[in-house]
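work_33.txt follows (compact mmCIF, C-alpha atoms):
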# COMPACT_ATOMS: atom_id res chain seq x y z
CA MET A 1 26.26 -0.02 -13.77
CA SER A 2 24.49 -3.30 -13.31
CA GLU A 3 21.55 -4.36 -11.23
CA HIS A 4 22.08 -4.98 -7.53
CA ILE A 5 20.67 -8.31 -6.38
CA VAL A 6 19.39 -8.22 -2.81
CA PRO A 7 20.25 -11.46 -0.96
CA ARG A 8 17.39 -13.65 0.28
CA THR A 9 18.50 -13.25 3.90
CA THR A 10 17.77 -9.49 3.64
CA TYR A 11 14.23 -10.21 2.41
CA PHE A 12 13.58 -12.63 5.28
CA ALA A 13 14.97 -10.15 7.81
CA VAL A 14 12.73 -7.36 6.46
CA PHE A 15 9.74 -9.75 6.47
CA GLY A 16 10.42 -10.59 10.13
CA ALA A 17 10.75 -6.90 11.03
CA LEU A 18 7.43 -6.12 9.28
CA LEU A 19 5.62 -8.84 11.26
CA VAL A 20 7.18 -7.59 14.51
CA GLY A 21 6.12 -4.04 13.58
CA THR A 22 2.55 -5.26 13.02
CA ALA A 23 2.55 -6.97 16.44
CA ILE A 24 3.91 -3.83 18.13
CA THR A 25 1.31 -1.56 16.51
CA VAL A 26 -1.53 -3.89 17.63
CA ALA A 27 -0.09 -4.15 21.16
CA ALA A 28 0.45 -0.37 21.40
CA ALA A 29 -3.17 0.28 20.36
CA ASN A 30 -4.33 -1.30 23.63
CA PHE A 31 -2.63 1.41 25.65
CA ASP A 32 -3.92 4.96 25.76
CA PHE A 33 -1.04 7.36 25.22
CA GLY A 34 -3.46 10.28 24.84
CA ARG A 35 -2.31 12.64 22.11
CA MET A 36 0.64 10.34 21.41
CA ASN A 37 -1.60 7.47 20.15
CA ASP A 38 -1.44 8.56 16.53
CA ILE A 39 2.23 9.53 16.72
CA VAL A 40 3.11 6.04 18.00
CA ALA A 41 0.95 4.31 15.34
CA MET A 42 2.27 6.47 12.49
CA THR A 43 5.91 6.14 13.58
CA ILE A 44 5.57 2.36 13.36
CA ALA A 45 3.74 2.59 10.01
CA VAL A 46 6.36 4.93 8.52
CA THR A 47 9.14 2.60 9.71
CA LYS A 48 7.41 -0.35 8.04
CA MET A 49 6.91 1.70 4.88
CA LEU A 50 10.60 2.63 4.77
CA LEU A 51 11.59 -1.05 5.10
CA VAL A 52 9.33 -1.99 2.17
CA LEU A 53 10.53 0.98 0.07
CA LEU A 54 14.24 0.56 0.70
CA PHE A 55 14.54 -3.24 0.49
CA PHE A 56 11.49 -4.89 -1.14
CA MET A 57 11.28 -2.06 -3.69
CA HIS A 58 15.08 -1.81 -4.01
CA VAL A 59 15.16 1.99 -3.57
CA ARG A 60 18.29 1.70 -1.42
CA TYR A 61 20.13 0.23 -4.42
CA SER A 62 18.48 2.39 -7.10
CA SER A 63 19.81 5.28 -9.14
CA ARG A 64 19.73 8.93 -8.07
CA LEU A 65 16.93 9.52 -10.57
CA ILE A 66 14.67 7.03 -8.76
CA TRP A 67 15.51 8.74 -5.46
CA VAL A 68 14.40 12.08 -6.95
CA ILE A 69 11.04 10.55 -8.00
CA VAL A 70 10.51 9.00 -4.55
CA ALA A 71 11.43 12.25 -2.78
CA SER A 72 9.12 14.31 -5.02
CA MET A 73 6.32 11.80 -4.33
CA PHE A 74 6.52 12.58 -0.60
CA PHE A 75 6.96 16.29 -1.25
CA TRP A 76 3.74 16.52 -3.28
CA LEU A 77 1.86 14.42 -0.74
CA LEU A 78 2.98 16.84 1.98
CA ILE A 79 1.79 19.82 -0.09
CA LEU A 80 -1.61 18.12 -0.44
CA LEU A 81 -1.93 17.34 3.27
CA LEU A 82 -0.29 20.33 4.94
CA LEU A 83 -1.60 23.16 2.77
CA THR A 84 -5.16 21.82 3.04
CA LEU A 85 -4.81 21.48 6.80
CA THR A 86 -3.67 25.09 7.15
CA ASP A 87 -7.05 26.03 5.65
CA TYR A 88 -9.24 23.67 7.69
CA SER A 89 -7.47 24.31 10.99
CA SER A 90 -7.54 28.11 10.67
CA ARG A 91 -11.16 28.58 9.55
CA ASP A 92 -12.48 29.35 13.04
CA TRP A 93 -9.67 31.72 14.02
CA PHE A 94 -11.74 34.79 13.29
CA GLY A 95 -15.06 33.60 14.63
CA SER A 96 -16.82 32.73 11.41
CA ASN A 97 -16.60 29.05 12.37
CA VAL A 98 -17.59 27.61 9.00
CA GLY A 99 -16.30 24.08 8.54
CA GLY A 100 -13.43 24.54 10.97
CA ILE A 101 -11.97 21.36 12.43
CA MET A 102 -12.44 22.62 15.98
CA SER A 103 -16.09 23.53 15.42
CA ARG A 104 -18.69 21.08 16.60
CA MET B 1 27.34 2.55 -21.26
CA SER B 2 27.53 2.89 -25.02
CA THR B 3 25.84 5.70 -26.89
CA HIS B 4 23.41 5.15 -29.69
CA ALA B 5 26.01 6.22 -32.24
CA GLU B 6 28.46 3.66 -30.91
CA ALA B 7 25.83 0.94 -31.06
CA ILE B 8 25.25 1.71 -34.72
CA GLU B 9 28.97 1.92 -35.40
CA HIS B 10 29.66 -1.45 -33.81
CA GLY B 11 26.62 -3.05 -35.32
CA HIS B 12 24.41 -5.21 -33.17
CA GLY B 13 26.38 -6.89 -30.41
CA PRO B 14 25.31 -10.10 -28.71
CA GLU B 15 23.25 -8.14 -26.15
CA ALA B 16 21.44 -6.21 -28.84
CA ALA B 17 20.34 -9.53 -30.28
CA HIS B 18 18.30 -10.34 -27.15
CA GLU B 19 14.70 -10.86 -28.25
CA ALA B 20 13.38 -8.68 -25.39
CA LEU B 21 15.40 -5.58 -26.36
CA ALA B 22 13.22 -2.94 -27.97
CA HIS B 23 14.84 -1.14 -30.90
CA HIS B 24 14.77 2.30 -29.28
CA PHE B 25 17.06 1.27 -26.40
CA ASP B 26 20.83 0.90 -26.57
CA ASN B 27 20.96 -2.10 -24.29
CA LEU B 28 18.92 -4.14 -21.82
CA GLU B 29 20.29 -2.24 -18.83
CA GLN B 30 19.06 1.09 -20.21
CA GLN B 31 15.72 -0.50 -21.07
CA ARG B 32 15.36 -1.92 -17.55
CA GLU B 33 16.14 1.41 -15.89
CA ALA B 34 13.75 3.32 -18.14
CA GLY B 35 10.99 0.84 -17.30
CA ALA B 36 11.63 1.13 -13.56
CA LEU B 37 11.64 4.92 -13.80
CA GLY B 38 8.27 4.89 -15.57
CA MET B 39 6.85 2.56 -12.94
CA TRP B 40 8.01 4.90 -10.17
CA VAL B 41 6.37 7.90 -11.85
CA PHE B 42 3.15 5.86 -11.99
CA ILE B 43 3.48 4.99 -8.29
CA ALA B 44 4.03 8.67 -7.43
CA GLN B 45 0.74 9.38 -9.23
CA GLU B 46 -0.93 6.56 -7.27
CA VAL B 47 0.26 8.16 -4.02
CA MET B 48 -1.61 11.33 -5.01
CA PHE B 49 -4.66 9.22 -5.93
CA PHE B 50 -4.80 7.60 -2.47
CA GLY B 51 -3.56 10.85 -0.89
CA GLY B 52 -6.92 12.54 -1.47
CA LEU B 53 -8.68 9.86 0.55
CA PHE B 54 -6.09 10.02 3.33
CA LEU B 55 -6.64 13.79 3.41
CA ALA B 56 -10.43 13.35 3.69
CA TYR B 57 -9.83 10.84 6.50
CA LEU B 58 -7.50 13.25 8.32
CA ILE B 59 -9.98 16.15 8.20
CA TYR B 60 -13.05 14.17 9.32
CA ARG B 61 -11.04 12.31 11.94
CA MET B 62 -9.98 15.67 13.47
CA LYS B 63 -13.56 16.91 13.25
CA TYR B 64 -15.25 13.81 14.77
CA PRO B 65 -12.61 12.07 16.93
CA THR B 66 -15.07 10.32 19.29
CA ALA B 67 -17.28 9.02 16.46
CA PHE B 68 -14.23 7.63 14.63
CA MET B 69 -12.99 5.80 17.73
CA ALA B 70 -16.43 4.32 18.39
CA ALA B 71 -16.95 3.34 14.74
CA SER B 72 -13.45 1.85 14.52
CA ASN B 73 -14.50 -0.47 17.34
CA HIS B 74 -16.88 -2.18 14.91
CA LEU B 75 -13.96 -3.36 12.80
CA ASN B 76 -12.47 -6.65 13.93
CA TRP B 77 -8.80 -5.97 14.73
CA LYS B 78 -8.01 -9.69 14.87
CA ILE B 79 -9.15 -10.16 11.27
CA GLY B 80 -7.32 -6.97 10.31
CA THR B 81 -4.09 -8.21 11.90
CA PHE B 82 -4.43 -11.56 10.13
CA ASN B 83 -4.94 -9.84 6.78
CA THR B 84 -1.95 -7.55 7.40
CA ALA B 85 0.23 -10.62 7.96
CA VAL B 86 -1.19 -12.25 4.80
CA LEU B 87 -0.37 -9.17 2.70
CA ILE B 88 3.14 -8.79 4.15
CA THR B 89 3.78 -12.48 3.37
CA SER B 90 2.58 -11.94 -0.21
CA SER B 91 5.07 -9.06 -0.48
CA LEU B 92 7.83 -11.43 0.65
CA THR B 93 6.89 -14.09 -1.93
CA MET B 94 6.77 -11.39 -4.63
CA ALA B 95 10.20 -10.03 -3.61
CA LEU B 96 11.49 -13.61 -3.80
CA ALA B 97 9.87 -14.07 -7.24
CA VAL B 98 11.83 -11.03 -8.47
CA TRP B 99 14.95 -12.51 -6.89
CA ALA B 100 14.26 -15.86 -8.62
CA THR B 101 14.19 -14.21 -12.05
CA GLN B 102 17.24 -12.03 -11.28
CA THR B 103 19.28 -15.09 -10.31
CA GLY B 104 17.93 -17.28 -13.12
CA ARG B 105 16.16 -19.89 -10.98
CA SER B 106 14.00 -22.53 -12.67
CA ARG B 107 10.70 -21.45 -14.16
CA LYS B 108 8.94 -23.71 -11.63
CA THR B 109 10.46 -21.67 -8.79
CA GLN B 110 9.50 -18.40 -10.50
CA VAL B 111 5.92 -19.45 -11.20
CA GLY B 112 5.58 -21.08 -7.77
CA LEU B 113 6.54 -17.89 -5.94
CA MET B 114 4.18 -15.83 -8.10
CA ALA B 115 1.38 -18.36 -7.53
CA ALA B 116 1.97 -18.07 -3.78
CA THR B 117 1.68 -14.28 -4.10
CA LEU B 118 -1.56 -14.64 -6.06
CA LEU B 119 -3.00 -17.15 -3.57
CA LEU B 120 -2.21 -14.89 -0.60
CA GLY B 121 -3.78 -11.97 -2.48
CA PHE B 122 -6.99 -13.99 -2.96
CA ILE B 123 -7.00 -14.99 0.73
CA PHE B 124 -6.77 -11.29 1.62
CA LEU B 125 -9.66 -10.45 -0.72
CA GLY B 126 -11.75 -13.36 0.59
CA VAL B 127 -11.30 -12.15 4.17
CA LYS B 128 -12.20 -8.62 3.01
CA ALA B 129 -15.41 -9.92 1.43
CA TYR B 130 -16.27 -11.65 4.73
CA GLU B 131 -15.71 -8.36 6.57
CA TYR B 132 -17.83 -6.40 4.09
CA ASN B 133 -20.64 -8.91 4.65
CA GLU B 134 -20.34 -8.41 8.42
CA LYS B 135 -20.83 -4.68 7.88
CA TYR B 136 -23.87 -5.39 5.68
CA VAL B 137 -25.38 -7.57 8.42
CA ASP B 138 -24.87 -4.76 10.97
CA GLY B 139 -26.44 -2.13 8.69
CA LEU B 140 -23.14 -0.28 8.29
CA ILE B 141 -23.06 0.04 4.49
CA PRO B 142 -22.89 3.85 4.07
CA ILE B 143 -25.53 4.15 1.35
CA ALA B 144 -28.73 6.14 1.85
CA GLY B 145 -31.51 3.71 2.77
CA TRP B 146 -29.05 0.97 3.78
CA PHE B 147 -27.18 2.72 6.56
CA ASP B 148 -29.15 1.84 9.70
CA PRO B 149 -26.90 0.80 12.61
CA VAL B 150 -29.52 1.68 15.25
CA GLY B 151 -32.08 -0.58 13.56
CA HIS B 152 -29.51 -3.41 13.71
CA ASN B 153 -28.83 -3.03 17.45
CA VAL B 154 -25.46 -1.37 16.96
CA HIS B 155 -24.74 0.78 20.02
CA ILE B 156 -23.84 4.37 19.19
CA PRO B 157 -22.40 6.25 22.19
CA ALA B 158 -23.87 9.49 23.48
CA GLY B 159 -22.73 12.66 21.74
CA VAL B 160 -22.13 10.84 18.44
CA THR B 161 -24.55 11.13 15.52
CA THR B 162 -25.30 8.42 12.97
CA GLY B 163 -24.10 10.85 10.28
CA GLN B 164 -20.65 10.98 11.86
CA TYR B 165 -20.67 7.17 12.05
CA GLN B 166 -21.66 6.99 8.40
CA MET B 167 -18.73 9.24 7.45
CA PHE B 168 -16.28 6.80 9.05
CA PHE B 169 -17.79 3.91 7.15
CA TRP B 170 -17.88 5.89 3.92
CA LEU B 171 -14.13 6.42 4.29
CA TYR B 172 -13.62 2.79 5.37
CA PHE B 173 -15.34 1.46 2.24
CA ALA B 174 -13.79 4.03 -0.10
CA MET B 175 -10.24 3.43 1.14
CA THR B 176 -10.35 -0.36 1.55
CA GLY B 177 -12.44 -0.63 -1.62
CA LEU B 178 -9.91 1.28 -3.72
CA HIS B 179 -7.17 -0.81 -2.12
CA ALA B 180 -9.03 -4.06 -2.91
CA LEU B 181 -9.60 -2.86 -6.49
CA HIS B 182 -5.84 -2.40 -6.82
CA MET B 183 -5.32 -5.96 -5.64
CA ILE B 184 -7.89 -7.33 -8.12
CA ILE B 185 -6.17 -5.41 -10.95
CA GLY B 186 -2.83 -6.70 -9.60
CA ALA B 187 -4.07 -10.29 -9.79
CA GLY B 188 -5.18 -9.64 -13.37
CA ILE B 189 -1.70 -8.37 -14.28
CA LEU B 190 0.14 -11.14 -12.43
CA LEU B 191 -1.60 -13.94 -14.36
CA PRO B 192 -0.09 -13.09 -17.79
CA ILE B 193 3.31 -12.49 -16.11
CA MET B 194 3.05 -16.00 -14.62
CA TRP B 195 2.28 -17.31 -18.10
CA MET B 196 5.38 -15.54 -19.45
CA ALA B 197 7.46 -17.03 -16.61
CA TRP B 198 6.10 -20.50 -17.36
CA ARG B 199 7.19 -20.09 -20.98
CA GLY B 200 10.69 -19.26 -19.76
CA ARG B 201 10.70 -15.62 -20.86
CA PHE B 202 12.53 -14.28 -17.83
CA SER B 203 16.26 -14.44 -17.18
CA PRO B 204 18.93 -12.48 -15.27
CA GLU B 205 19.20 -10.31 -18.42
CA TYR B 206 15.47 -9.63 -18.81
CA HIS B 207 12.86 -9.58 -16.03
CA SER B 208 11.40 -6.06 -16.08
CA PRO B 209 7.74 -7.16 -16.06
CA VAL B 210 8.32 -9.15 -12.84
CA GLU B 211 10.34 -6.36 -11.24
CA ASN B 212 7.85 -3.61 -12.10
CA PHE B 213 4.87 -5.70 -11.04
CA GLY B 214 6.73 -6.25 -7.75
CA LEU B 215 6.95 -2.47 -7.29
CA TYR B 216 3.18 -2.18 -7.80
CA TRP B 217 2.42 -5.03 -5.38
CA HIS B 218 4.69 -3.60 -2.66
CA PHE B 219 3.07 -0.17 -3.12
CA VAL B 220 -0.35 -1.73 -2.49
CA ASP B 221 1.15 -3.35 0.63
CA ILE B 222 2.38 0.06 1.86
CA ILE B 223 -1.13 1.54 1.48
CA TRP B 224 -2.47 -1.25 3.70
CA ILE B 225 0.31 -0.66 6.26
CA PHE B 226 -1.26 2.79 6.79
CA LEU B 227 -4.92 1.77 6.42
CA PHE B 228 -4.68 -0.91 9.10
CA PRO B 229 -3.82 1.28 12.14
CA LEU B 230 -5.88 4.26 10.88
CA LEU B 231 -9.08 2.25 10.41
CA TYR B 232 -8.88 -0.79 12.70
CA LEU B 233 -6.96 0.26 15.79
CA LEU B 234 -8.53 3.58 16.87
CA GLY B 235 -11.02 2.03 19.24
CA ALA B 236 -8.93 -0.62 20.99
CA HIS B 237 -8.80 1.35 24.23
CA PHE B 238 -12.09 3.18 23.70
CA GLY B 239 -14.33 0.59 25.26
CA LYS B 240 -14.92 -3.11 25.17
CA GLY B 241 -17.11 -3.44 22.12
CA HIS B 242 -17.66 -5.93 19.33
Translate this file's structure into structure tokens.
Amino acid sequence: MSEHIVPRTTYFAVFGALLVGTAITVAAANFDFGRMNDIVAMTIAVTKMLLVLLFFMHVRYSSRLIWVIVASMFFWLLILLLLTLTDYSSRDWFGSNVGGIMSR
Amino acid sequence: MSTHAEAIEHGHGPEAAHEALAHHFDNLEQQREAGALGMWVFIAQEVMFFGGLFLAYLIYRMKYPTAFMAASNHLNWKIGTFNTAVLITSSLTMALAVWATQTGRSRKTQVGLMAATLLLGFIFLGVKAYEYNEKYVDGLIPIAGWFDPVGHNVHIPAGVTTGQYQMFFWLYFAMTGLHALHMIIGAGILLPIMWMAWRGRFSPEYHSPVENFGLYWHFVDIIWIFLFPLLYLLGAHFGKGH
């Protein structure tokens, strides 16, 4: 199996999409979507990240082994974020209110 | 793909004679894939490194949402947008530099594209230094004794404490500072790779240093893709400030 060479046109298309994504995220920030603000911003950021990962970083054309590393990278990041959040967001459930996110 | 035993049996073929092939690999393809795999494991570790800061951001952001929106207003989104575009462009020139070595373009093309990447990286860092100075002028450096926004006529809205403001700027400096450090290290790694390219070391058969450096540079770009909306764009609809 030999190396896949991504054509230049793909790189330029991804570059254009990343600039458009940046413009959309700046434009969207001027509107208040309430609780959706962060979801909108992060959806755009994740889309941009996937474009960089798949094309600039060649993951789309890489071996299964690279895919396993990339998938495990996200899996461990999710463990870090989600498990910690279960702690912080549940601290004030039973009234002790020490360091809970909802406490002021 | 030949096994090691076969390689010994057949002696050293023309590929094995390539000066860049290390003795413990069967062929250049295996060597290239092993290098890329190692780079990806390093990047996975880097994700955990930055992940801790993103986690701290997430928790304090949920705890002090109003303070974070107000503090975010002190960052200049126009400068942030400009720097995002600069960094994305540097990712494009780096991707093209990898392409240039893969397709065996002239060493001038290879070095030129890497030099463009380096230049754009320095523009980004220069703009960052300008922004850091702005924060210094406004008393927003989150160090005890320095952090004094009120004394520098920075308006802090009702219901928000200076401590909460300081936490945003602590995270701002920690996250963008670690990101900038990665870019400085990246520039330091790119220079010797440019020197290798200038000496004609890279070819369609061998270009792992360029490829793996590209992975690092794009990773640093991805971190910024998340930092930009999380730090700069929270306050856009909060109030007309700055």
- Non-local contacts of Ala70 (chain B) (12 Å; all atoms listed in the file; under 5 positions in same chain excluded) as an MDAnalysis selection string: chainID B and resid 61 64:65 75 154:162 164:166 168:169 231:242
The selected residues should be written to file as a PDB file, in the coordinates of the input (atoms: C-alpha atoms).
ATOM      1  CA  ARG B  61     -11.040  12.310  11.940  1.00  0.00           C
ATOM      2  CA  TYR B  64     -15.250  13.810  14.770  1.00  0.00           C
ATOM      3  CA  PRO B  65     -12.610  12.070  16.930  1.00  0.00           C
ATOM      4  CA  LEU B  75     -13.960  -3.360  12.800  1.00  0.00           C
ATOM      5  CA  VAL B 154     -25.460  -1.370  16.960  1.00  0.00           C
ATOM      6  CA  HIS B 155     -24.740   0.780  20.020  1.00  0.00           C
ATOM      7  CA  ILE B 156     -23.840   4.370  19.190  1.00  0.00           C
ATOM      8  CA  PRO B 157     -22.400   6.250  22.190  1.00  0.00           C
ATOM      9  CA  ALA B 158     -23.870   9.490  23.480  1.00  0.00           C
ATOM     10  CA  GLY B 159     -22.730  12.660  21.740  1.00  0.00           C
ATOM     11  CA  VAL B 160     -22.130  10.840  18.440  1.00  0.00           C
ATOM     12  CA  THR B 161     -24.550  11.130  15.520  1.00  0.00           C
ATOM     13  CA  THR B 162     -25.300   8.420  12.970  1.00  0.00           C
ATOM     14  CA  GLN B 164     -20.650  10.980  11.860  1.00  0.00           C
ATOM     15  CA  TYR B 165     -20.670   7.170  12.050  1.00  0.00           C
ATOM     16  CA  GLN B 166     -21.660   6.990   8.400  1.00  0.00           C
ATOM     17  CA  PHE B 168     -16.280   6.800   9.050  1.00  0.00           C
ATOM     18  CA  PHE B 169     -17.790   3.910   7.150  1.00  0.00           C
ATOM     19  CA  LEU B 231      -9.080   2.250  10.410  1.00  0.00           C
ATOM     20  CA  TYR B 232      -8.880  -0.790  12.700  1.00  0.00           C
ATOM     21  CA  LEU B 233      -6.960   0.260  15.790  1.00  0.00           C
ATOM     22  CA  LEU B 234      -8.530   3.580  16.870  1.00  0.00           C
ATOM     23  CA  GLY B 235     -11.020   2.030  19.240  1.00  0.00           C
ATOM     24  CA  ALA B 236      -8.930  -0.620  20.990  1.00  0.00           C
ATOM     25  CA  HIS B 237      -8.800   1.350  24.230  1.00  0.00           C
ATOM     26  CA  PHE B 238     -12.090   3.180  23.700  1.00  0.00           C
ATOM     27  CA  GLY B 239     -14.330   0.590  25.260  1.00  0.00           C
ATOM     28  CA  LYS B 240     -14.920  -3.110  25.170  1.00  0.00           C
ATOM     29  CA  GLY B 241     -17.110  -3.440  22.120  1.00  0.00           C
ATOM     30  CA  HIS B 242     -17.660  -5.930  19.330  1.00  0.00           C
TER      31      HIS B 242
END
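Using only C-alpha atoms, the smallest distance between any of A:Leu18, A:Met36, A:Ala23, A:Met57 and Val6 (chain A) comes from A:Met57.
Coordinates place CA of Asn83 (chain B) at a distance of 11.5 Å from CA of Leu19 (chain A).
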- Message: With only C-alpha atoms considered, list every residue of chain B at most 9 Å from chain A, as a VMD selection string.
- Response: chain B and resid 1 29 33 36 to 37 40 to 41 43 to 45 47 to 48 51 to 52 54 to 55 58 to 60 62 to 64 77 81 84 to 85 88 to 89 91 to 92 94 to 96 99 102 to 103 211 214 to 215 218 to 219 221 to 223 225 to 226 229 to 230 233 to 238
- Task: Can you pull out every residue within 12 Å of Pro142 (chain B), counting all atoms listed in the file, but drop anything in the same chain fewer than 3 positions away, and send it as a PyMOL selection string?
- Result: chain B and resi 132+135-136+138-139+145-149+162-174
Each side padded by 8 Å, which centre and which edge lengths in Å (one decimal) define the axis-aligned box around the listed atoms of region 172-183 of chain B? Give them as JSON.
{"center_x": -10.3, "center_y": -1.0, "center_z": -0.7, "size_x": 26.0, "size_y": 26.0, "size_z": 28.2}
- Between B:Leu140, B:Ala34, B:Ala97, B:Leu178, which one has atoms that come closest to His152 (chain B), using only C-alpha atoms? B:Leu140
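If you look at CA of Phe94 (chain A) and CA of Ile79 (chain A), they are 24.2 Å away from each other.
Interatomic distance, CA of Glu205 (chain B) to CA of His23 (chain B): 16.1 Å.
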Region 124-128 of chain B: which residues within 10 Å, counting all atoms listed in the file, same-chain residues fewer than 5 positions away excluded, as a compact mmCIF listing (two decimals) with C-alpha atoms, keeping the file's coordinate frame?
# COMPACT_ATOMS: atom_id res chain seq x y z
CA ILE B 79 -9.15 -10.16 11.27
CA GLY B 80 -7.32 -6.97 10.31
CA PHE B 82 -4.43 -11.56 10.13
CA ASN B 83 -4.94 -9.84 6.78
CA THR B 84 -1.95 -7.55 7.40
CA ALA B 85 0.23 -10.62 7.96
CA VAL B 86 -1.19 -12.25 4.80
CA LEU B 87 -0.37 -9.17 2.70
CA SER B 90 2.58 -11.94 -0.21
CA LEU B 118 -1.56 -14.64 -6.06
CA LEU B 119 -3.00 -17.15 -3.57
CA ASN B 133 -20.64 -8.91 4.65
CA GLU B 134 -20.34 -8.41 8.42
CA THR B 176 -10.35 -0.36 1.55
CA GLY B 177 -12.44 -0.63 -1.62
CA ALA B 180 -9.03 -4.06 -2.91
CA LEU B 181 -9.60 -2.86 -6.49
CA MET B 183 -5.32 -5.96 -5.64
CA ILE B 184 -7.89 -7.33 -8.12
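Nearest-residue note for Ile185 (chain B): choosing from B:Ala100, B:Ala71, B:Val220, B:Ala197, the minimum distance belongs to B:Val220, counting only C-alpha atoms.
Closest to His207 (chain B) among B:His74, B:Arg105, B:His179, B:Arg32 is B:Arg32, based on only C-alpha atoms.
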- Message: Tell me which residues come within 9 Å of (0.2, -18.0, -14.1), as a PyMOL selection string, counting all atoms listed in the file in the file's coordinates.
- Response: chain B and resi 111-112+114-115+118+190-198
Could you write out the selected residues, including C-alpha atoms, as a JSON list (two decimals), in the coordinates of the input?
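Written output follows (out-v7.json):
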[["chain", "number", "residue", "atom", "x", "y", "z"],
["B", 111, "VAL", "CA", 5.92, -19.45, -11.20],
["B", 112, "GLY", "CA", 5.58, -21.08, -7.77],
["B", 114, "MET", "CA", 4.18, -15.83, -8.10],
["B", 115, "ALA", "CA", 1.38, -18.36, -7.53],
["B", 118, "LEU", "CA", -1.56, -14.64, -6.06],
["B", 190, "LEU", "CA", 0.14, -11.14, -12.43],
["B", 191, "LEU", "CA", -1.60, -13.94, -14.36],
["B", 192, "PRO", "CA", -0.09, -13.09, -17.79],
["B", 193, "ILE", "CA", 3.31, -12.49, -16.11],
["B", 194, "MET", "CA", 3.05, -16.00, -14.62],
["B", 195, "TRP", "CA", 2.28, -17.31, -18.10],
["B", 196, "MET", "CA", 5.38, -15.54, -19.45],
["B", 197, "ALA", "CA", 7.46, -17.03, -16.61],
["B", 198, "TRP", "CA", 6.10, -20.50, -17.36]]
